[in-house]
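The structure appears right after this line, and notes come after that.
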Amino acid sequence: MDSFDLFEVAGAQLRLSSHAVLLHGFALPDVGELVPAIADIEAASPLRHMVTPGGLPMSVMSTSCGMLGWVTDQRGYRYTSVDPETRKPWPVMPEAFASLAIRAAAEAGFPGFEPDACLINHYAPGARMSLHQDKDEQDFAAPIVSVSLGMSATFLFGGLERSDRVARVPLHHGDVVVWGGADRLRYHGIMSLKDAPHPLLGSERINLTFRKAG
Ligand code: SIN
Ligand code: FE2
């Protein structure tokens with residue numbers, strides 16, 4: 001895998017591309033509100049290993065909150081308004097989640113973000129997310145806002161073709177990555193997680209991915 005140089009901008013930001021930025025520690029002030037809210041969501045719509053259309057269980061465990069939740073099973077990838085496990089609407093997106101996502105999007109140059117879906121992924125050591133595009137949303141005008149909590153991970157940020165060169169970007173607790181515009185359909189993923197326990201969350205990484213899906 002090739003890698004390419006990234007450029008530090010304004011201290012707390014790392015520009016990954018023309019319309020993609022890593023906001024170092026942007027979510028840190030919100031962690032105290034986010035963590036208990038995540039537990040409440042997972043009490044209502046439990047974490048599960050979803051299955052890819054090819055029939056393979058994902059290594060991450062997932063759930064969602066918001067008007068829409070992203071699901072995958074043998075029928076394919078899609079958004080639903082009802083959790084197929086509980087047969088109830090997905091838990092409401094907490095105000096603290098939406099507020100963080102909207103502020104991060106604006107900071108990255110995408111004012112007026114209206115997230116209606118938040119996918120929550122839990123990574124144990126060894127879990128990974130292979131290169132993919134986020135393309136199940138109705139339109140691609142809105143950015144993706146991705147919040148990292150707990151153990152550090154290596155984010156893979158590629159191009160518009162799967163075979164394009166891929167940057168390896170360390171993501172730490174409280175980091176937020178935003179990509180949209182010309183970069184909205186870039187391939188991305190997460191390398192297999194190393195076990196380096198985090199003081200607050202132990203041997204776990206949690207990722208919140210905000211989208212305007214509907
Ligand atoms: C994803 O692309 O769905 C997850 C990215 C991450 O875990 O940071
Ligand atoms: Fe993604």
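Each chain of the structure tokens is named A, B, ... in the order shown, its residues numbered from 1; ligands are numbered from 1 in display order.
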
Step by step, measure atom-to-atom distances between ligand 1 and each residue using only C-alpha atoms and all ligand atoms, keep those at most 9 Å, then write them as number ranges by chain. A: 60, 119-123, 128-134, 146-148, 153-156, 171, 176-177, 187-190, 205-209

Near-A:Asp83 list (9 Å; only C-alpha atoms; drop same-chain fewer than 4 positions) as a list of chain:residue names: A:Ser45, A:Thr63, A:Ser64, A:Leu68, A:Gly69, A:Val71, A:Arg87, A:Lys88, A:Pro89, A:Trp90, A:Pro91

Write out as a ChimeraX atom specification each polymer residue whose atoms come within 8 Å of A:Asp195, counting only C-alpha atoms; drop sequence neighbours fewer than 6 positions from it. /A:124-126,151,203

Let's have the selection written as an mmCIF file, in the first residue's frame, with N, CA and C atoms.
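Written output follows (part35.cif):
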```cif
data_model
loop_
_atom_site.group_PDB
_atom_site.id
_atom_site.type_symbol
_atom_site.label_atom_id
_atom_site.label_comp_id
_atom_site.auth_asym_id
_atom_site.auth_seq_id
_atom_site.Cartn_x
_atom_site.Cartn_y
_atom_site.Cartn_z
ATOM 1 N N ALA A 124 -13.161 -4.294 19.054
ATOM 2 C CA ALA A 124 -12.298 -4.973 20.024
ATOM 3 C C ALA A 124 -10.937 -5.160 19.344
ATOM 4 N N PRO A 125 -9.885 -5.504 20.101
ATOM 5 C CA PRO A 125 -8.601 -5.757 19.453
ATOM 6 C C PRO A 125 -8.774 -6.767 18.316
ATOM 7 N N GLY A 126 -8.174 -6.481 17.166
ATOM 8 C CA GLY A 126 -8.267 -7.363 16.006
ATOM 9 C C GLY A 126 -9.407 -7.025 15.065
ATOM 10 N N MET A 151 -9.614 3.368 22.309
ATOM 11 C CA MET A 151 -8.309 2.981 21.759
ATOM 12 C C MET A 151 -8.031 3.664 20.423
ATOM 13 N N SER A 203 -10.041 -1.912 26.497
ATOM 14 C CA SER A 203 -9.621 -2.507 25.218
ATOM 15 C C SER A 203 -10.721 -2.378 24.178
#
```

Can you tell me which residues surround A:Leu56 at a distance of at most 12 Å, considering only C-alpha atoms, apart from same-chain residues fewer than 3 positions away, and format the answer as a PyMOL selection string? chain A and resi 49-53+59-60+72-74+76

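Atom CA of A:Leu34 to atom CA of A:Arg78 spans 25.4 Å [interatomic distance, one decimal].
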
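Nearest to A:Ala44 of all the residues A:Thr86, A:His198, A:His172, A:Arg184 is A:Thr86, based on only C-alpha atoms.
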
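Among the candidates A:Leu201, A:Val166, A:Ala108, A:Ala43, the one nearest to A:Arg15 when counting only C-alpha atoms is A:Ala108.
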
Enumerate the residues of stretch 55-208 of chain A with a DSSP assignment of strand (DSSP E or B), computed from the backbone, and present them as a PyMOL selection string. chain A and resi 57+61-66+68-73+76-80+82+89+117-123+129-132+144-150+153-157+167-171+176-179+188-190+198+202+205-208

Alpha helix (DSSP H) call set, DSSP backbone run, stretch 12-207 of chain A, as a count of residues only: 27

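Atom CA of A:Ala20 to atom CA of A:Phe113 spans 14.8 Å [interatomic distance, one decimal].
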
Rank nothing, just name the residue among A:Ala182, A:Ala127, A:Ala106, A:Ala101 nearest to A:Phe210, using only C-alpha atoms. A:Ala101

10 Å contact set for A:Ala37, only C-alpha atoms, chain neighbours under 5 positions out, as a short mmCIF file (atom, residue, chain, number, x, y, z; two decimals) with N, CA, C and O atoms, in the first residue's frame:
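Saved as part.cif:
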```cif
data_model
loop_
_atom_site.label_atom_id
_atom_site.label_comp_id
_atom_site.auth_asym_id
_atom_site.auth_seq_id
_atom_site.Cartn_x
_atom_site.Cartn_y
_atom_site.Cartn_z
N VAL A 31 -16.97 14.18 25.60
CA VAL A 31 -16.88 12.75 25.94
C VAL A 31 -17.75 12.39 27.14
O VAL A 31 -18.42 11.35 27.15
N GLY A 32 -17.76 13.26 28.15
CA GLY A 32 -18.53 12.98 29.37
C GLY A 32 -20.02 12.82 29.11
O GLY A 32 -20.71 12.08 29.81
N GLU A 42 -27.39 1.68 23.50
CA GLU A 42 -27.11 0.25 23.35
C GLU A 42 -27.97 -0.61 24.27
O GLU A 42 -28.15 -1.80 24.01
N ALA A 43 -28.54 0.02 25.31
CA ALA A 43 -29.50 -0.71 26.14
C ALA A 43 -30.82 -0.89 25.38
O ALA A 43 -31.52 -1.88 25.57
N MET A 93 -31.61 10.25 18.31
CA MET A 93 -30.23 10.77 18.37
C MET A 93 -30.14 11.81 19.50
O MET A 93 -30.87 12.80 19.46
N PRO A 94 -29.27 11.56 20.48
CA PRO A 94 -29.16 12.53 21.58
C PRO A 94 -28.73 13.91 21.06
O PRO A 94 -27.95 14.00 20.10
N GLU A 95 -29.24 14.93 21.73
CA GLU A 95 -28.90 16.30 21.36
C GLU A 95 -27.38 16.52 21.34
O GLU A 95 -26.85 17.20 20.46
N ALA A 96 -26.70 15.92 22.31
CA ALA A 96 -25.23 16.09 22.39
C ALA A 96 -24.53 15.50 21.15
O ALA A 96 -23.50 16.02 20.71
N PHE A 97 -25.09 14.42 20.60
CA PHE A 97 -24.51 13.83 19.39
C PHE A 97 -24.67 14.79 18.21
O PHE A 97 -23.71 15.10 17.50
#
```

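Counting only C-alpha atoms and all ligand atoms, the residue from A:Leu200, A:Ser163, A:Arg75, A:Trp70 that sits nearest to ligand 2 is A:Trp70.
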
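Note that atom CA of A:Gln13 and atom CA of A:Gly25 are 9.3 Å apart.
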
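With only C-alpha atoms as the atoms that count, the residue of A:Arg103, A:Arg211, A:Arg186, A:Arg165 with the shortest distance to A:Val145 is A:Arg211.
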
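Proximity ranking of A:Ile38, A:Ala98, A:Leu23, A:Cys118 relative to ligand 2 places A:Cys118 first, based on only C-alpha atoms and all ligand atoms.
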